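Q: Below is the file work_35.cif, with mmCIF, C-alpha atoms and all ligand atoms.
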```
data_protein
#
loop_
_atom_site.label_atom_id
_atom_site.label_comp_id
_atom_site.auth_asym_id
_atom_site.auth_seq_id
_atom_site.Cartn_x
_atom_site.Cartn_y
_atom_site.Cartn_z
CA MET A 1 -116.88 77.08 -22.53
CA GLU A 2 -118.85 74.02 -21.48
CA LEU A 3 -119.75 73.39 -17.84
CA LYS A 4 -120.33 69.84 -16.62
CA VAL A 5 -121.56 69.76 -13.03
CA TYR A 6 -121.87 66.53 -11.05
CA GLN A 7 -123.05 65.78 -7.54
CA ASN A 8 -119.71 64.87 -5.99
CA LYS A 9 -115.99 64.24 -6.63
CA VAL A 10 -116.46 60.54 -7.43
CA LYS A 11 -119.08 61.37 -10.07
CA VAL A 12 -116.74 64.00 -11.53
CA ALA A 13 -114.00 61.38 -11.66
CA GLU A 14 -116.26 58.80 -13.34
CA GLU A 15 -117.63 61.22 -15.92
CA PHE A 16 -114.20 62.65 -16.68
CA SER A 17 -112.85 59.11 -17.15
CA LYS A 18 -115.57 58.37 -19.73
CA TYR A 19 -114.80 61.69 -21.43
CA LEU A 20 -111.07 60.86 -21.57
CA ILE A 21 -111.76 57.39 -22.99
CA GLU A 22 -113.84 58.88 -25.78
CA LYS A 23 -111.41 61.71 -26.54
CA SER A 24 -108.35 59.46 -26.61
CA ASP A 25 -109.89 56.74 -28.78
CA THR A 26 -108.03 57.95 -31.87
CA GLN A 27 -105.88 54.90 -32.79
CA LYS A 28 -102.82 57.20 -32.65
CA ALA A 29 -100.61 58.92 -30.08
CA PHE A 30 -102.64 61.05 -27.65
CA HIS A 31 -100.61 63.62 -25.73
CA ILE A 32 -101.97 64.71 -22.34
CA ALA A 33 -100.64 67.31 -19.88
CA LEU A 34 -101.66 66.37 -16.34
CA SER A 35 -102.30 68.66 -13.41
CA GLY A 36 -101.12 68.05 -9.88
CA GLY A 37 -102.62 68.84 -6.50
CA SER A 38 -105.28 66.78 -4.70
CA THR A 39 -108.24 66.76 -7.12
CA PRO A 40 -106.55 64.58 -9.75
CA LYS A 41 -105.84 61.87 -7.13
CA ILE A 42 -109.44 60.69 -7.07
CA VAL A 43 -109.75 61.04 -10.84
CA PHE A 44 -106.61 58.95 -11.38
CA ASP A 45 -107.81 56.34 -8.85
CA VAL A 46 -111.20 55.96 -10.57
CA LEU A 47 -109.65 55.97 -14.05
CA ALA A 48 -107.13 53.28 -13.07
CA GLU A 49 -109.46 51.10 -10.98
CA GLU A 50 -112.71 51.29 -12.96
CA PHE A 51 -111.80 52.21 -16.54
CA SER A 52 -108.23 51.09 -17.22
CA ASN A 53 -109.33 48.38 -19.68
CA ASP A 54 -111.14 50.99 -21.77
CA VAL A 55 -108.00 53.01 -22.54
CA ASP A 56 -105.44 52.05 -25.17
CA TRP A 57 -102.48 52.95 -22.93
CA LYS A 58 -99.84 52.30 -25.61
CA ASN A 59 -101.14 55.42 -27.39
CA ILE A 60 -101.28 57.59 -24.28
CA HIS A 61 -98.35 59.95 -23.64
CA LEU A 62 -98.27 61.67 -20.25
CA TYR A 63 -96.71 65.06 -19.58
CA TRP A 64 -97.21 67.52 -16.73
CA GLY A 65 -98.68 71.01 -16.82
CA ASP A 66 -96.52 71.84 -13.84
CA GLU A 67 -94.18 70.20 -11.38
CA ARG A 68 -92.79 71.19 -8.03
CA CYS A 69 -88.99 71.58 -8.01
CA VAL A 70 -88.43 68.61 -5.72
CA ALA A 71 -87.06 65.11 -6.22
CA PRO A 72 -89.44 62.54 -7.80
CA ALA A 73 -89.53 60.60 -4.50
CA ASN A 74 -90.67 63.69 -2.57
CA ASP A 75 -94.30 63.65 -1.36
CA GLU A 76 -94.73 67.10 -2.95
CA SER A 77 -93.94 65.70 -6.41
CA ASN A 78 -96.84 65.68 -8.90
CA TYR A 79 -95.03 62.88 -10.72
CA LYS A 80 -94.90 60.79 -7.53
CA MET A 81 -98.62 61.36 -6.94
CA THR A 82 -99.38 60.29 -10.52
CA VAL A 83 -97.25 57.14 -10.19
CA GLU A 84 -99.06 56.20 -6.97
CA HIS A 85 -102.59 56.89 -8.21
CA LEU A 86 -102.36 56.05 -11.92
CA ILE A 87 -99.10 54.96 -13.57
CA SER A 88 -98.40 52.09 -11.14
CA LYS A 89 -101.86 50.67 -11.85
CA VAL A 90 -102.03 50.75 -15.66
CA ASP A 91 -100.04 49.19 -18.47
CA ILE A 92 -98.56 52.35 -19.98
CA PRO A 93 -95.16 52.04 -21.68
CA GLU A 94 -92.37 53.73 -19.70
CA GLU A 95 -91.25 55.64 -22.80
CA ASN A 96 -94.66 57.33 -22.85
CA ILE A 97 -94.03 59.07 -19.54
CA HIS A 98 -92.41 62.48 -19.97
CA ARG A 99 -91.89 63.84 -16.48
CA ILE A 100 -90.55 67.26 -15.55
CA LYS A 101 -87.31 66.67 -13.64
CA GLY A 102 -88.07 68.51 -10.42
CA GLU A 103 -84.72 67.48 -9.00
CA ASP A 104 -82.79 69.53 -11.58
CA ASP A 105 -82.01 73.25 -11.68
CA PRO A 106 -85.41 74.91 -12.35
CA LYS A 107 -84.32 77.25 -15.14
CA THR A 108 -82.33 74.49 -16.86
CA GLU A 109 -85.31 72.11 -16.59
CA ALA A 110 -87.82 74.69 -17.83
CA LYS A 111 -85.67 75.10 -20.94
CA ARG A 112 -85.17 71.34 -21.38
CA TYR A 113 -88.87 70.56 -20.98
CA GLY A 114 -89.85 73.35 -23.35
CA GLU A 115 -87.52 71.84 -25.96
CA LEU A 116 -88.92 68.36 -25.27
CA LEU A 117 -92.41 69.65 -26.06
CA ASP A 118 -91.12 71.14 -29.31
CA ARG A 119 -89.65 67.73 -30.20
CA GLU A 120 -92.38 65.36 -29.01
CA LEU A 121 -95.64 67.12 -29.78
CA PRO A 122 -97.29 67.75 -33.12
CA LYS A 123 -97.26 71.43 -34.17
CA GLU A 124 -100.29 73.68 -34.61
CA LEU A 125 -99.72 77.30 -35.70
CA GLY A 126 -96.01 76.63 -35.22
CA LEU A 127 -96.37 75.70 -31.53
CA PRO A 128 -96.42 72.32 -29.74
CA GLN A 129 -100.02 71.12 -29.43
CA PHE A 130 -101.34 68.85 -26.69
CA ASP A 131 -104.41 66.79 -27.48
CA LEU A 132 -105.64 67.46 -23.95
CA VAL A 133 -104.46 69.70 -21.12
CA ILE A 134 -105.98 68.87 -17.73
CA LEU A 135 -105.92 71.78 -15.29
CA GLY A 136 -106.85 72.37 -11.69
CA MET A 137 -107.57 75.74 -10.16
CA GLY A 138 -106.24 76.93 -6.83
CA ASP A 139 -108.42 78.74 -4.28
CA ASP A 140 -106.52 81.87 -5.40
CA GLY A 141 -107.44 81.35 -9.05
CA HIS A 142 -104.03 80.03 -10.12
CA THR A 143 -103.78 77.30 -12.71
CA ALA A 144 -100.87 75.05 -13.57
CA SER A 145 -98.30 76.96 -11.53
CA ILE A 146 -99.09 80.42 -12.83
CA PHE A 147 -100.07 82.39 -9.73
CA PRO A 148 -101.80 85.79 -9.56
CA HIS A 149 -98.67 87.53 -8.24
CA GLU A 150 -96.73 86.37 -11.32
CA ILE A 151 -99.52 86.52 -13.90
CA ASN A 152 -97.02 87.99 -16.36
CA LEU A 153 -95.60 84.46 -16.76
CA TRP A 154 -98.81 83.55 -18.58
CA VAL A 155 -97.72 85.59 -21.61
CA SER A 156 -94.11 84.38 -21.59
CA PRO A 157 -92.66 83.81 -25.08
CA ASP A 158 -91.31 80.49 -23.76
CA ASN A 159 -93.09 77.12 -23.52
CA CYS A 160 -92.24 76.74 -19.83
CA GLU A 161 -91.33 79.10 -17.00
CA VAL A 162 -90.06 78.84 -13.44
CA ALA A 163 -92.76 80.06 -11.03
CA ILE A 164 -92.66 80.67 -7.29
CA HIS A 165 -95.44 79.61 -4.93
CA PRO A 166 -96.65 82.81 -3.16
CA GLU A 167 -96.77 81.31 0.32
CA SER A 168 -94.14 78.60 0.44
CA GLY A 169 -91.65 80.16 -1.98
CA GLN A 170 -91.39 76.72 -3.57
CA ARG A 171 -90.19 76.90 -7.16
CA ARG A 172 -92.11 75.14 -9.86
CA VAL A 173 -91.76 74.51 -13.59
CA SER A 174 -95.00 75.40 -15.38
CA LEU A 175 -96.43 75.43 -18.88
CA THR A 176 -97.25 78.95 -20.05
CA GLY A 177 -100.37 80.34 -21.70
CA ARG A 178 -99.01 79.97 -25.23
CA ILE A 179 -98.89 76.17 -24.81
CA ILE A 180 -102.05 75.75 -22.73
CA ASN A 181 -104.14 77.83 -25.17
CA ASN A 182 -102.68 75.97 -28.16
CA ALA A 183 -104.13 72.65 -26.96
CA ARG A 184 -106.89 70.92 -28.91
CA THR A 185 -108.89 70.59 -25.69
CA VAL A 186 -108.52 71.96 -22.17
CA ALA A 187 -110.42 70.38 -19.28
CA PHE A 188 -110.60 71.94 -15.82
CA LEU A 189 -111.13 69.55 -12.91
CA VAL A 190 -112.35 71.74 -10.05
CA THR A 191 -114.06 70.43 -6.92
CA GLY A 192 -114.85 71.62 -3.41
CA GLU A 193 -116.56 74.60 -1.83
CA SER A 194 -113.32 76.55 -1.52
CA LYS A 195 -113.28 77.00 -5.31
CA ALA A 196 -116.87 78.28 -5.63
CA GLU A 197 -116.10 81.99 -5.32
CA LYS A 198 -113.40 82.02 -8.00
CA VAL A 199 -115.42 79.70 -10.28
CA LYS A 200 -118.25 82.23 -10.20
CA ILE A 201 -115.97 85.23 -10.80
CA ILE A 202 -114.16 83.52 -13.67
CA VAL A 203 -117.13 81.82 -15.36
CA ASP A 204 -119.28 84.96 -15.06
CA ARG A 205 -116.35 87.24 -15.97
CA GLU A 206 -117.12 89.39 -12.97
CA GLU A 207 -115.14 92.58 -12.29
CA GLY A 208 -111.45 91.82 -11.74
CA TYR A 209 -111.68 88.29 -13.18
CA LEU A 210 -108.58 88.81 -15.30
CA GLU A 211 -106.48 89.02 -12.12
CA TYR A 212 -106.81 85.24 -11.93
CA PRO A 213 -104.65 83.12 -14.26
CA ALA A 214 -107.43 80.51 -14.66
CA SER A 215 -109.50 83.20 -16.42
CA HIS A 216 -106.86 83.40 -19.18
CA VAL A 217 -107.38 79.77 -20.20
CA ALA A 218 -109.02 80.12 -23.62
CA PRO A 219 -107.91 77.50 -26.16
CA LYS A 220 -107.94 78.82 -29.74
CA THR A 221 -110.05 75.77 -30.63
CA LYS A 222 -112.67 77.02 -28.10
CA ASP A 223 -112.77 73.44 -26.76
CA LEU A 224 -112.76 74.25 -23.03
CA VAL A 225 -114.70 72.09 -20.57
CA TRP A 226 -115.10 72.62 -16.82
CA PHE A 227 -115.76 69.44 -14.79
CA LEU A 228 -117.18 70.67 -11.49
CA ASP A 229 -118.81 69.12 -8.47
CA ALA A 230 -121.92 70.78 -7.00
CA ALA A 231 -119.87 72.37 -4.21
CA ALA A 232 -117.53 74.18 -6.60
CA ALA A 233 -120.46 75.21 -8.82
CA LYS A 234 -122.79 76.28 -6.02
CA LEU A 235 -122.65 80.02 -6.79
CA LEU A 236 -123.37 79.61 -10.49
CA THR A 237 -126.92 80.36 -11.59
CA SER A 238 -128.87 77.30 -12.69
CA SER A 239 -128.78 78.43 -16.34
CA GLN A 240 -125.00 77.89 -16.43
CA SER A 241 -124.55 74.61 -14.61
C1 LIG B 1 -100.24 71.76 -8.41
C2 LIG B 1 -101.32 71.88 -9.42
C3 LIG B 1 -102.15 73.09 -9.14
C4 LIG B 1 -103.49 72.54 -8.72
C5 LIG B 1 -104.30 73.56 -8.01
C6 LIG B 1 -105.59 72.94 -7.50
O1 LIG B 1 -99.11 71.42 -8.77
O2 LIG B 1 -100.59 71.98 -7.23
O3 LIG B 1 -101.01 71.69 -10.69
O4 LIG B 1 -102.32 73.98 -10.20
O5 LIG B 1 -104.18 72.08 -9.87
O6 LIG B 1 -103.53 74.02 -6.92
O7 LIG B 1 -105.22 71.95 -6.61
P1 LIG B 1 -106.37 71.04 -5.90
O8 LIG B 1 -106.99 70.27 -7.00
O9 LIG B 1 -105.58 70.22 -4.94
O10 LIG B 1 -107.32 71.99 -5.24
#
```
As a first step, turn the structure in this file into structure tokens.

A:
Amino acid sequence: MELKVYQNKVKVAEEFSKYLIEKSDTQKAFHIALSGGSTPKIVFDVLAEEFSNDVDWKNIHLYWGDERCVAPANDESNYKMTVEHLISKVDIPEENIHRIKGEDDPKTEAKRYGELLDRELPKELGLPQFDLVILGMGDDGHTASIFPHEINLWVSPDNCEVAIHPESGQRRVSLTGRIINNARTVAFLVTGESKAEKVKIIVDREEGYLEYPASHVAPKTKDLVWFLDAAAAKLLTSSQS
């Protein structure tokens, strides 16, 4: 795994934008699974406002690594956040946006989205393969919407599962480990002091690290990059960051 540590969130956003531009400059369709939460907001803002002319948006296809089971107009919706901070600001064709329908029955949507991935994505080792999966990490070590209390969902034989947020009980549709680890590249975007403890445990594989879903992210290609700000990386020894 590669660690890229930058001074602050804006620098993380700028450096990740440059990384994405380089990775997606392939002259063909580039399929990306986006994460939700608050960290991507600043990344999407910087990408859209400072680098949008450097991306060939007609080749970019957007999917989600997870979505809250709410309507697309709901403030909790990852899709809504992405429209506000990215999609509304760039010239990406509507047909390239493949949202998870949070308004539909969760189990039905998990099945539909899993089938969509089978249809839309190229196959690698018989499974749908994203070019890039962007992930966040919760303070509890969850990633996508696989939470520690339901870590068994990581090894589901299905492409997507319905997960339940441990505090709010909110249902979510999430990619599972078989899809995340089949990606060409996985990039974590993790910022803020509240992540530092889990970053250290997971990166250093400290005792009990496998309790945290983020520690199970291990793409078969080995192409795993952590974009961290100094606050999230503060417990790592200098040799790692
Ligand atoms: C979501 C995300 C989730 C997020 C983490 C980190 O739907 O909330 O996909 O996995 O990435 O909770 O969120 P922050 O970046 O806001 O800390």

Q: Work out how far apart CA of Asp105 in chain A and atom O7 of ligand LIG 1 (chain B) are and give it in Å to one decimal.

A: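 Here the two named atoms are 23.8 Å from each other.
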
Q: Smallest atom-to-atom distance to ligand LIG 1 (chain B): which of A:Leu116, A:Ile21, A:Ala232, A:Cys160, using only C-alpha atoms and all ligand atoms?

A: A:Ala232

Q: Residues at most 10 Å from ligand LIG 1 (chain B), using only C-alpha atoms and all ligand atoms? Could they come as a ChimeraX atom specification?

A: /A:34-42,64-68,76-79,134-147,165,172-174,188-192,194-195,214

Q: For a test of reading the model, state the distance in Å between CA of Ala163 in chain A and CA of Asn74 in chain A, rounded to one decimal.

A: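 Straight-line distance from CA of Ala163 in chain A to CA of Asn74 in chain A works out to 18.5 Å.
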
Q: Give me, please, the distance in Å between CA of Glu161 in chain A and CA of Lys107 in chain A, quoted to one decimal.

A: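 The value is 7.5 Å.
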
Q: Which of these, A:Asn59, A:Leu47, A:Met1, A:Lys234, has the shortest distance to Ser215 in chain A once you count all atoms listed in the file?

A: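 Using all atoms listed in the file, the shortest distance to Ser215 in chain A belongs to A:Met1.
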
Q: Return the single residue from A:Pro72, A:Pro157, A:Pro148, A:Gly102 that is closest to Arg171 in chain A, with distances computed using all atoms listed in the file.

A: A:Gly102

Q: Between A:Asp118, A:Glu94, A:Glu211, A:Glu15, which residue has the minimum interatomic distance to Leu62 in chain A, considering all atoms listed in the file?

A: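 Nearest candidate to Leu62 in chain A out of A:Asp118, A:Glu94, A:Glu211, A:Glu15: A:Glu94.
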
Q: Tell me, as a list in words, which residues lie within 12 Å of Lys123 in chain A, counting all atoms listed in the file; anything in the same chain fewer than 3 positions away does not count.

A: His31, Leu117, Asp118, Arg119, Glu120, Gly126, Leu127, Pro128, Gln129, Phe130, Asp131, Ile179, Asn182, Ala183 and Arg184 of chain A

Q: Pick from A:Leu20, A:Ser156, A:Glu197, A:Trp57: nearest to Tyr209 in chain A, with all atoms listed in the file counted?

A: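 Selected residue with least distance to Tyr209 in chain A: A:Glu197.
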
Q: May I ask which of the residues A:Asp223, A:Glu115, A:Asp229, A:Glu84 is the closest one to Thr185 in chain A, counting all atoms listed in the file?

A: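 For Thr185 in chain A, the nearest of the candidates is A:Asp223.
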
Q: Contacts of Asp25 in chain A at 10 Å or less, counting all atoms listed in the file, minus same-chain residues fewer than 6 places along, as a list in words?

A: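 Non-adjacent residues within range: Asp54, Val55, Asp56, Asn59 and Ile60 of chain A.
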
Q: Fewer than 5 positions away in the same chain doesn't count, so skip those; otherwise give me all residues within 12 Å of Ser88 in chain A, counting all atoms listed in the file, as a PyMOL selection string.

A: chain A and resi 44-45+48-49+52+79-83+93-94+97

Q: Skip His61 in chain A itself and residues of its chain fewer than 4 positions away, then list as a ChimeraX atom specification all residues within 8 Å of it, counting only C-alpha atoms.

A: /A:29-32,96-98

Q: With C-alpha atoms retained, write the just-selected residues as a PDB file, in the coordinates of the input.

A:
```pdb
ATOM      1  CA  ALA A  29    -100.610  58.920 -30.080  1.00  0.00           C
ATOM      2  CA  PHE A  30    -102.640  61.050 -27.650  1.00  0.00           C
ATOM      3  CA  HIS A  31    -100.610  63.620 -25.730  1.00  0.00           C
ATOM      4  CA  ILE A  32    -101.970  64.710 -22.340  1.00  0.00           C
ATOM      5  CA  ASN A  96     -94.660  57.330 -22.850  1.00  0.00           C
ATOM      6  CA  ILE A  97     -94.030  59.070 -19.540  1.00  0.00           C
ATOM      7  CA  HIS A  98     -92.410  62.480 -19.970  1.00  0.00           C
TER       8      HIS A  98
END
```

Q: Just want the 10 Å neighbourhood of Leu3 in chain A, counted on all atoms listed in the file, with same-chain residues fewer than 4 positions away dropped. Output as a list in words.

A: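 Listing them by chain and then by number gives Ala187, Phe188, Val203, Leu224, Val225, Trp226, Phe227, Leu228, Ala233, Gln240 and Ser241 of chain A.
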